[in-house]
file model.cif (mmCIF, C-alpha atoms and all ligand atoms)
data_start
loop_
_atom_site.group_PDB
_atom_site.id
_atom_site.type_symbol
_atom_site.label_atom_id
_atom_site.label_comp_id
_atom_site.auth_asym_id
_atom_site.auth_seq_id
_atom_site.Cartn_x
_atom_site.Cartn_y
_atom_site.Cartn_z
ATOM 1 C CA MET A 1 -5.283 8.763 17.715
ATOM 2 C CA SER A 2 -5.645 8.092 13.988
ATOM 3 C CA TYR A 3 -3.430 5.689 12.093
ATOM 4 C CA ASP A 4 -0.447 7.459 10.517
ATOM 5 C CA GLU A 5 1.286 5.064 8.110
ATOM 6 C CA CYS A 6 4.291 7.354 7.581
ATOM 7 C CA TYR A 7 4.887 7.525 11.321
ATOM 8 C CA VAL A 8 4.564 3.760 11.830
ATOM 9 C CA LYS A 9 6.859 3.042 8.873
ATOM 10 C CA SER A 10 9.446 5.438 10.280
ATOM 11 C CA VAL A 11 9.511 3.412 13.520
ATOM 12 C CA ILE A 12 10.162 0.060 11.763
ATOM 13 C CA ARG A 13 13.907 -0.536 11.456
ATOM 14 C CA THR A 14 15.430 -2.024 8.311
ATOM 15 C CA ILE A 15 18.521 -4.178 8.813
ATOM 16 C CA PRO A 16 20.245 -4.823 5.472
ATOM 17 C CA ASP A 17 21.698 -8.260 4.676
ATOM 18 C CA TRP A 18 20.282 -10.004 7.772
ATOM 19 C CA PRO A 19 20.005 -12.920 8.454
ATOM 20 C CA GLU A 20 21.614 -13.399 5.031
ATOM 21 C CA ALA A 21 22.897 -11.308 2.124
ATOM 22 C CA GLY A 22 20.159 -9.714 0.031
ATOM 23 C CA VAL A 23 17.475 -9.730 2.745
ATOM 24 C CA GLN A 24 16.223 -6.385 4.047
ATOM 25 C CA PHE A 25 15.064 -7.500 7.476
ATOM 26 C CA ARG A 26 12.085 -5.418 8.637
ATOM 27 C CA ASP A 27 12.612 -5.280 12.379
ATOM 28 C CA ILE A 28 9.376 -4.573 14.247
ATOM 29 C CA THR A 29 10.905 -4.620 17.745
ATOM 30 C CA PRO A 30 11.023 -0.766 17.865
ATOM 31 C CA LEU A 31 7.211 -0.720 17.457
ATOM 32 C CA PHE A 32 6.917 -2.344 20.869
ATOM 33 C CA LYS A 33 9.189 0.297 22.416
ATOM 34 C CA ASP A 34 7.050 3.097 20.969
ATOM 35 C CA PRO A 35 3.633 3.236 22.687
ATOM 36 C CA LYS A 36 2.254 5.701 20.108
ATOM 37 C CA ALA A 37 3.078 3.411 17.178
ATOM 38 C CA LEU A 38 1.825 0.331 19.063
ATOM 39 C CA ARG A 39 -1.441 2.145 19.852
ATOM 40 C CA MET A 40 -1.880 3.144 16.191
ATOM 41 C CA ILE A 41 -1.363 -0.332 14.761
ATOM 42 C CA SER A 42 -3.363 -2.174 17.401
ATOM 43 C CA ASP A 43 -6.287 0.269 17.112
ATOM 44 C CA ALA A 44 -6.258 -0.001 13.297
ATOM 45 C CA LEU A 45 -6.431 -3.809 13.499
ATOM 46 C CA ILE A 46 -9.068 -3.836 16.231
ATOM 47 C CA GLN A 47 -11.294 -1.391 14.333
ATOM 48 C CA ARG A 48 -11.124 -3.529 11.216
ATOM 49 C CA TYR A 49 -12.399 -6.627 13.015
ATOM 50 C CA ILE A 50 -14.679 -5.149 15.698
ATOM 51 C CA SER A 51 -17.865 -6.049 13.795
ATOM 52 C CA SER A 52 -16.567 -8.985 11.777
ATOM 53 C CA GLU A 53 -17.771 -12.536 12.055
ATOM 54 C CA ILE A 54 -14.444 -14.053 13.058
ATOM 55 C CA THR A 55 -14.590 -16.505 15.931
ATOM 56 C CA HIS A 56 -10.847 -17.158 16.546
ATOM 57 C CA ILE A 57 -7.461 -15.537 15.956
ATOM 58 C CA ALA A 58 -4.679 -17.888 14.830
ATOM 59 C CA ALA A 59 -1.345 -16.349 15.799
ATOM 60 C CA ILE A 60 1.821 -17.331 13.946
ATOM 61 C CA ASP A 61 5.057 -18.101 15.824
ATOM 62 C CA ALA A 62 6.663 -15.923 17.097
ATOM 63 C CA ARG A 63 6.326 -12.215 16.324
ATOM 64 C CA GLY A 64 2.722 -12.816 15.255
ATOM 65 C CA PHE A 65 1.903 -13.734 18.861
ATOM 66 C CA LEU A 66 2.430 -10.218 20.198
ATOM 67 C CA LEU A 67 -0.223 -8.298 18.281
ATOM 68 C CA SER A 68 -2.542 -11.289 18.113
ATOM 69 C CA ALA A 69 -2.720 -11.309 21.905
ATOM 70 C CA ILE A 70 -3.661 -7.615 21.948
ATOM 71 C CA MET A 71 -6.338 -8.185 19.279
ATOM 72 C CA ALA A 72 -7.765 -11.267 20.969
ATOM 73 C CA HIS A 73 -8.000 -9.468 24.299
ATOM 74 C CA GLN A 74 -9.579 -6.330 22.860
ATOM 75 C CA LEU A 75 -11.966 -8.203 20.552
ATOM 76 C CA ASN A 76 -12.837 -10.724 23.259
ATOM 77 C CA LEU A 77 -11.930 -13.617 20.963
ATOM 78 C CA PRO A 78 -10.105 -16.897 21.595
ATOM 79 C CA LEU A 79 -6.466 -17.035 20.492
ATOM 80 C CA VAL A 80 -4.915 -20.209 19.068
ATOM 81 C CA MET A 81 -1.281 -20.766 18.171
ATOM 82 C CA VAL A 82 0.409 -21.916 14.985
ATOM 83 C CA ARG A 83 3.880 -22.928 16.148
ATOM 84 C CA LYS A 84 7.089 -24.139 14.611
ATOM 85 C CA LYS A 85 7.571 -27.907 14.683
ATOM 86 C CA GLY A 86 8.064 -29.493 18.103
ATOM 87 C CA LYS A 87 6.915 -26.597 20.306
ATOM 88 C CA LEU A 88 3.317 -27.574 21.088
ATOM 89 C CA PRO A 89 2.494 -30.330 23.581
ATOM 90 C CA GLY A 90 -0.329 -32.826 23.205
ATOM 91 C CA GLU A 91 -1.952 -34.017 20.014
ATOM 92 C CA THR A 92 -0.915 -31.888 17.049
ATOM 93 C CA LEU A 93 -1.316 -31.721 13.294
ATOM 94 C CA GLN A 94 1.667 -30.780 11.156
ATOM 95 C CA GLN A 95 2.007 -29.081 7.772
ATOM 96 C CA GLU A 96 5.256 -28.811 5.831
ATOM 97 C CA TYR A 97 6.037 -25.964 3.460
ATOM 98 C CA SER A 98 8.980 -25.127 1.221
ATOM 99 C CA LEU A 99 11.584 -22.521 1.905
ATOM 100 C CA GLU A 100 14.126 -21.187 -0.587
ATOM 101 C CA TYR A 101 16.423 -24.033 0.530
ATOM 102 C CA GLY A 102 14.680 -27.057 2.088
ATOM 103 C CA THR A 103 11.452 -27.254 4.036
ATOM 104 C CA SER A 104 9.965 -26.168 7.319
ATOM 105 C CA ALA A 105 6.841 -27.156 9.222
ATOM 106 C CA VAL A 106 4.204 -25.601 11.451
ATOM 107 C CA GLU A 107 1.853 -27.319 13.893
ATOM 108 C CA MET A 108 -1.460 -26.710 15.644
ATOM 109 C CA GLN A 109 -3.078 -28.593 18.486
ATOM 110 C CA THR A 110 -5.904 -30.692 17.073
ATOM 111 C CA ASP A 111 -8.472 -29.095 19.407
ATOM 112 C CA ALA A 112 -7.440 -25.516 18.500
ATOM 113 C CA VAL A 113 -10.335 -24.909 16.089
ATOM 114 C CA THR A 114 -13.205 -26.971 14.787
ATOM 115 C CA GLU A 115 -15.989 -27.099 12.207
ATOM 116 C CA GLY A 116 -17.942 -23.846 11.915
ATOM 117 C CA ASN A 117 -15.128 -21.646 13.288
ATOM 118 C CA ARG A 118 -14.153 -18.630 11.153
ATOM 119 C CA VAL A 119 -10.513 -17.881 11.750
ATOM 120 C CA LEU A 120 -8.404 -14.756 11.252
ATOM 121 C CA ILE A 121 -4.733 -15.635 10.715
ATOM 122 C CA PHE A 122 -2.227 -13.028 11.892
ATOM 123 C CA ASP A 123 1.493 -12.781 11.222
ATOM 124 C CA ASP A 124 3.778 -9.763 11.438
ATOM 125 C CA LEU A 125 4.962 -9.990 7.834
ATOM 126 C CA ILE A 126 4.121 -11.818 4.607
ATOM 127 C CA ALA A 127 7.103 -12.645 2.396
ATOM 128 C CA THR A 128 6.590 -15.747 0.194
ATOM 129 C CA GLY A 129 3.307 -16.564 1.938
ATOM 130 C CA GLY A 130 4.451 -20.129 2.691
ATOM 131 C CA THR A 131 3.928 -19.918 6.459
ATOM 132 C CA VAL A 132 0.437 -18.436 6.181
ATOM 133 C CA LEU A 133 -0.636 -20.944 3.514
ATOM 134 C CA ALA A 134 0.576 -23.823 5.701
ATOM 135 C CA ALA A 135 -1.395 -22.364 8.631
ATOM 136 C CA ALA A 136 -4.489 -22.052 6.413
ATOM 137 C CA THR A 137 -4.123 -25.712 5.368
ATOM 138 C CA LEU A 138 -4.008 -26.814 9.024
ATOM 139 C CA ILE A 139 -7.064 -24.723 9.924
ATOM 140 C CA LYS A 140 -9.028 -26.210 7.016
ATOM 141 C CA LYS A 141 -7.906 -29.760 7.884
ATOM 142 C CA LEU A 142 -9.346 -29.173 11.366
ATOM 143 C CA GLY A 143 -12.690 -28.310 9.731
ATOM 144 C CA ALA A 144 -12.675 -24.517 10.219
ATOM 145 C CA SER A 145 -12.577 -21.790 7.564
ATOM 146 C CA VAL A 146 -10.147 -18.911 7.097
ATOM 147 C CA HIS A 147 -11.907 -15.537 7.079
ATOM 148 C CA GLU A 148 -8.874 -13.412 6.236
ATOM 149 C CA VAL A 149 -5.154 -13.015 6.789
ATOM 150 C CA ALA A 150 -4.025 -9.855 8.564
ATOM 151 C CA THR A 151 -0.460 -8.631 8.713
ATOM 152 C CA LEU A 152 1.491 -5.530 9.517
ATOM 153 C CA ILE A 153 3.837 -5.704 6.546
ATOM 154 C CA ASP A 154 3.430 -7.103 3.056
ATOM 155 C CA LEU A 155 6.427 -7.606 0.753
ATOM 156 C CA PRO A 156 4.472 -7.609 -2.548
ATOM 157 C CA ASP A 157 7.601 -8.175 -4.669
ATOM 158 C CA LEU A 158 7.804 -11.695 -3.201
ATOM 159 C CA GLN A 159 4.235 -12.472 -4.397
ATOM 160 C CA GLY A 160 3.178 -14.082 -1.106
ATOM 161 C CA SER A 161 0.006 -12.046 -0.639
ATOM 162 C CA ALA A 162 -0.905 -12.704 -4.301
ATOM 163 C CA ARG A 163 -0.497 -16.476 -3.713
ATOM 164 C CA ILE A 164 -2.704 -16.309 -0.628
ATOM 165 C CA GLN A 165 -5.387 -14.378 -2.501
ATOM 166 C CA GLU A 166 -5.213 -16.849 -5.390
ATOM 167 C CA ALA A 167 -6.002 -19.532 -2.802
ATOM 168 C CA GLY A 168 -9.231 -17.628 -2.106
ATOM 169 C CA ILE A 169 -8.171 -15.978 1.155
ATOM 170 C CA PRO A 170 -8.383 -12.165 1.473
ATOM 171 C CA VAL A 171 -5.268 -10.399 2.785
ATOM 172 C CA HIS A 172 -5.281 -7.211 4.841
ATOM 173 C CA ALA A 173 -1.882 -5.528 5.268
ATOM 174 C CA LEU A 174 -1.360 -2.273 7.145
ATOM 175 C CA MET A 175 1.629 -1.370 4.965
ATOM 176 C CA ALA A 176 3.943 -2.610 2.226
ATOM 177 C CA PHE A 177 7.687 -2.398 1.686
ATOM 178 C CA GLU A 178 9.521 -2.850 -1.602
ATOM 179 C CA GLY A 179 12.045 -5.628 -2.109
ATOM 180 C CA HIS A 180 12.939 -8.722 -0.100
HETATM 181 P P1 LIG A 201 6.971 -16.339 4.426
HETATM 182 O O1 LIG A 201 6.520 -17.683 4.901
HETATM 183 O O2 LIG A 201 8.005 -16.402 3.352
HETATM 184 O O3 LIG A 201 5.806 -15.432 4.061
HETATM 185 O O4 LIG A 201 7.746 -15.667 5.630
HETATM 186 C C1 LIG A 201 7.086 -15.027 6.632
HETATM 187 C C2 LIG A 201 7.811 -15.144 7.947
HETATM 188 O O5 LIG A 201 9.217 -14.911 7.824
HETATM 189 C C3 LIG A 201 7.247 -14.108 8.896
HETATM 190 O O6 LIG A 201 6.929 -14.778 10.112
HETATM 191 C C4 LIG A 201 8.337 -13.089 9.075
HETATM 192 O O7 LIG A 201 8.516 -12.820 10.437
HETATM 193 C C5 LIG A 201 9.620 -13.701 8.478
HETATM 194 N N1 LIG A 201 10.245 -12.840 7.446
HETATM 195 C C6 LIG A 201 10.440 -13.154 6.138
HETATM 196 N N2 LIG A 201 11.058 -12.169 5.474
HETATM 197 C C7 LIG A 201 11.270 -11.180 6.373
HETATM 198 C C8 LIG A 201 11.846 -9.854 6.292
HETATM 199 N N3 LIG A 201 12.353 -9.345 5.154
HETATM 200 N N4 LIG A 201 11.862 -9.105 7.412
HETATM 201 C C9 LIG A 201 11.339 -9.589 8.570
HETATM 202 N N5 LIG A 201 10.796 -10.801 8.717
HETATM 203 C C10 LIG A 201 10.756 -11.601 7.639
#
call {"tool": "encode", "arguments": {"input": "model.cif", "output": "structure tokens"}}
result
Amino acid sequence: MSYDECYVKSVIRTIPDWPEAGVQFRDITPLFKDPKALRMISDALIQRYISSEITHIAAIDARGFLLSAIMAHQLNLPLVMVRKKGKLPGETLQQEYSLEYGTSAVEMQTDAVTEGNRVLIFDDLIATGGTVLAAATLIKKLGASVHEVATLIDLPDLQGSARIQEAGIPVHALMAFEGH
């Protein structure tokens, strides 16, 4: 089954003004209720990385976990988690990042990756890029390198993917949507 962007986009549901006014929330839950769309996106991601030199997939909390687990299983790669503050047990490293109002933080376990590892970061959507850049900082602090960032949806108007690329990290998005 070949990847059909129009079909996949038609399955993603847009919820206007949620969770706050002005945001067009791109709801990916219908993708997981539609086996054809899920097959198309997972196959497209797996094919991209089947011969790559990545050694680990870093999955971002929480919607990023779902497709990362499929990729890790199919590519026979270890999966590590980048979680919101306070969710991971044991020894962790934390990185703060700014939101429109205030700050947030993500954490990784200190033994998640190490020197010499080449990590693919995956999240469902890139908006401002703050979450992914914080994840990349953690991965580098642990001694590993970031091979690429993969995502389903890029919101290019928010400049997040441009910021990530300016930081020297390639971005691969399956599709883009206009606006916030
Ligand atoms: P950012 O750090 O600004 O790139 O935000 C990315 C995270 O926020 C992702 O994990 C997304 O799940 C979520 N997010 C931000 N904006 C949207 C949106 N318009 N629709 C759906 N999810 C969003």
call {"tool": "closest_residue", "arguments": {"input": "model.cif", "among": "A:Ile126, A:Leu158, A:Leu152, A:Leu93", "to": "ligand LIG 201 (chain A)", "atoms": "only C-alpha atoms and all ligand atoms"}}
result
A:Ile126
call {"tool": "resolve_selection", "arguments": {"input": "model.cif", "expression": "the PyMOL selection byres (((chain A and resi 139-144) around 8) and not hetatm)", "output": "list in words"}}
result
Thr110, Val113, Thr114, Glu115, Gly116, Asn117, Arg118, Val119, Ala135, Ala136, Thr137, Leu138, Ser145 and Val146 of chain A
call {"tool": "closest_residue", "arguments": {"input": "model.cif", "among": "A:Ala127, A:Ala72, A:Met1, A:Ala44", "to": "ligand LIG 201 (chain A)", "atoms": "all atoms listed in the file"}}
result
A:Ala127
call {"tool": "residues_near_ligand", "arguments": {"input": "model.cif", "ligand": "ligand LIG 201 (chain A)", "cutoff": "6 Å", "atoms": "all atoms listed in the file", "output": "number ranges by chain"}}
result
A: 23-27, 123-131, 160, 180
call {"tool": "residues_around", "arguments": {"input": "model.cif", "residues": "range 81-87 of chain A", "least_positions_apart": "4", "cutoff": "6 Å", "atoms": "all atoms listed in the file", "output": "compact mmCIF listing (two decimals) with C-alpha atoms, in the frame of the given file"}}
result
# COMPACT_ATOMS: atom_id res chain seq x y z
CA ALA A 58 -4.68 -17.89 14.83
CA ALA A 59 -1.34 -16.35 15.80
CA ILE A 60 1.82 -17.33 13.95
CA ASP A 61 5.06 -18.10 15.82
CA ALA A 105 6.84 -27.16 9.22
CA VAL A 106 4.20 -25.60 11.45
CA GLU A 107 1.85 -27.32 13.89
CA MET A 108 -1.46 -26.71 15.64
call {"tool": "closest_residue", "arguments": {"input": "model.cif", "among": "A:Leu31, A:Ala162, A:Leu99, A:Leu79", "to": "Leu120 in chain A", "atoms": "only C-alpha atoms"}}
result
A:Leu79
call {"tool": "closest_residue", "arguments": {"input": "model.cif", "among": "A:Leu67, A:Ala37, A:Leu155, A:Ala150", "to": "Lys9 in chain A", "atoms": "only C-alpha atoms"}}
result
A:Ala37
call {"tool": "atom_distance", "arguments": {"input": "model.cif", "atom1": "CA of Ile46 in chain A", "atom2": "CA of Leu66 in chain A"}}
result
13.7 Å
call {"tool": "residues_around", "arguments": {"input": "model.cif", "residues": "Gln109 in chain A", "least_positions_apart": "3", "cutoff": "6 Å", "atoms": "all atoms listed in the file", "output": "list in words"}}
result
Glu91, Thr92 and Ala112 of chain A
call {"tool": "closest_residue", "arguments": {"input": "model.cif", "among": "A:Asp4, A:Lys36, A:Thr14, A:Glu96", "to": "Phe177 in chain A", "atoms": "only C-alpha atoms"}}
result
A:Thr14
call {"tool": "atom_distance", "arguments": {"input": "model.cif", "atom1": "CA of Ile169 in chain A", "atom2": "CA of Arg39 in chain A"}}
result
26.9 Å
call {"tool": "resolve_selection", "arguments": {"input": "model.cif", "expression": "the PyMOL selection byres (((chain A and resi 30) around 10) and not hetatm)", "output": "PyMOL selection string"}}
result
chain A and resi 8+10-13+27-29+31-35+37-38
call {"tool": "atom_distance", "arguments": {"input": "model.cif", "atom1": "CA of Met71 in chain A", "atom2": "CA of Ala173 in chain A"}}
result
14.9 Å
call {"tool": "closest_residue", "arguments": {"input": "model.cif", "among": "A:Ala176, A:Ile57, A:Ala69, A:Ala62", "to": "Pro156 in chain A", "atoms": "only C-alpha atoms"}}
result
A:Ala176
call {"tool": "decode", "arguments": {"input": "model.cif", "residues": "range 73-97 of chain A", "atoms": "N, CA and C atoms", "output": "tab-separated table (two decimals), in the first residue's frame"}}
result
chain	number	residue	atom	x	y	z
A	73	HIS	N	9.81	-1.52	16.99
A	73	HIS	CA	9.57	-2.96	16.82
A	73	HIS	C	9.93	-3.40	15.40
A	74	GLN	N	9.46	-2.66	14.42
A	74	GLN	CA	9.68	-3.06	13.02
A	74	GLN	C	11.13	-2.88	12.59
A	75	LEU	N	11.82	-1.89	13.15
A	75	LEU	CA	13.22	-1.65	12.77
A	75	LEU	C	14.19	-2.39	13.69
A	76	ASN	N	13.62	-3.09	14.68
A	76	ASN	CA	14.45	-3.85	15.62
A	76	ASN	C	15.45	-2.94	16.34
A	77	LEU	N	14.93	-1.79	16.80
A	77	LEU	CA	15.79	-0.81	17.48
A	77	LEU	C	15.30	-0.59	18.91
A	78	PRO	N	16.21	-0.22	19.82
A	78	PRO	CA	15.77	0.13	21.17
A	78	PRO	C	14.99	1.45	21.18
A	79	LEU	N	13.99	1.50	22.05
A	79	LEU	CA	13.16	2.69	22.23
A	79	LEU	C	13.48	3.30	23.60
A	80	VAL	N	13.70	4.61	23.63
A	80	VAL	CA	13.88	5.30	24.91
A	80	VAL	C	12.85	6.42	25.00
A	81	MET	N	12.52	6.80	26.22
A	81	MET	CA	11.43	7.76	26.40
A	81	MET	C	11.91	9.12	26.88
A	82	VAL	N	11.32	10.15	26.28
A	82	VAL	CA	11.50	11.53	26.75
A	82	VAL	C	10.16	11.90	27.36
A	83	ARG	N	10.13	12.05	28.71
A	83	ARG	CA	8.85	12.22	29.38
A	83	ARG	C	8.73	13.59	30.03
A	84	LYS	N	7.48	13.98	30.26
A	84	LYS	CA	7.25	15.21	31.00
A	84	LYS	C	7.77	15.03	32.43
A	85	LYS	N	8.12	16.16	33.03
A	85	LYS	CA	8.73	16.18	34.37
A	85	LYS	C	7.99	15.29	35.38
A	86	GLY	N	8.76	14.49	36.12
A	86	GLY	CA	8.18	13.74	37.23
A	86	GLY	C	7.59	12.39	36.88
A	87	LYS	N	7.69	11.95	35.64
A	87	LYS	CA	7.06	10.68	35.24
A	87	LYS	C	8.01	9.51	35.26
A	88	LEU	N	9.32	9.77	35.12
A	88	LEU	CA	10.28	8.67	35.00
A	88	LEU	C	10.94	8.37	36.34
A	89	PRO	N	10.97	7.10	36.73
A	89	PRO	CA	11.65	6.73	37.98
A	89	PRO	C	13.16	6.64	37.78
A	90	GLY	N	13.87	6.57	38.90
A	90	GLY	CA	15.32	6.39	38.84
A	90	GLY	C	16.04	7.70	38.58
A	91	GLU	N	17.30	7.56	38.18
A	91	GLU	CA	18.13	8.75	37.96
A	91	GLU	C	17.78	9.38	36.61
A	92	THR	N	17.44	10.66	36.65
A	92	THR	CA	17.03	11.33	35.41
A	92	THR	C	17.79	12.65	35.22
A	93	LEU	N	17.75	13.11	33.98
A	93	LEU	CA	18.31	14.41	33.63
A	93	LEU	C	17.15	15.25	33.11
A	94	GLN	N	17.14	16.53	33.49
A	94	GLN	CA	15.98	17.36	33.14
A	94	GLN	C	16.40	18.54	32.26
A	95	GLN	N	15.54	18.92	31.34
A	95	GLN	CA	15.79	20.10	30.51
A	95	GLN	C	14.52	20.95	30.44
A	96	GLU	N	14.67	22.21	30.82
A	96	GLU	CA	13.52	23.14	30.75
A	96	GLU	C	13.44	23.76	29.37
A	97	TYR	N	12.26	24.17	28.97
A	97	TYR	CA	12.11	24.93	27.73
A	97	TYR	C	10.95	25.90	27.89
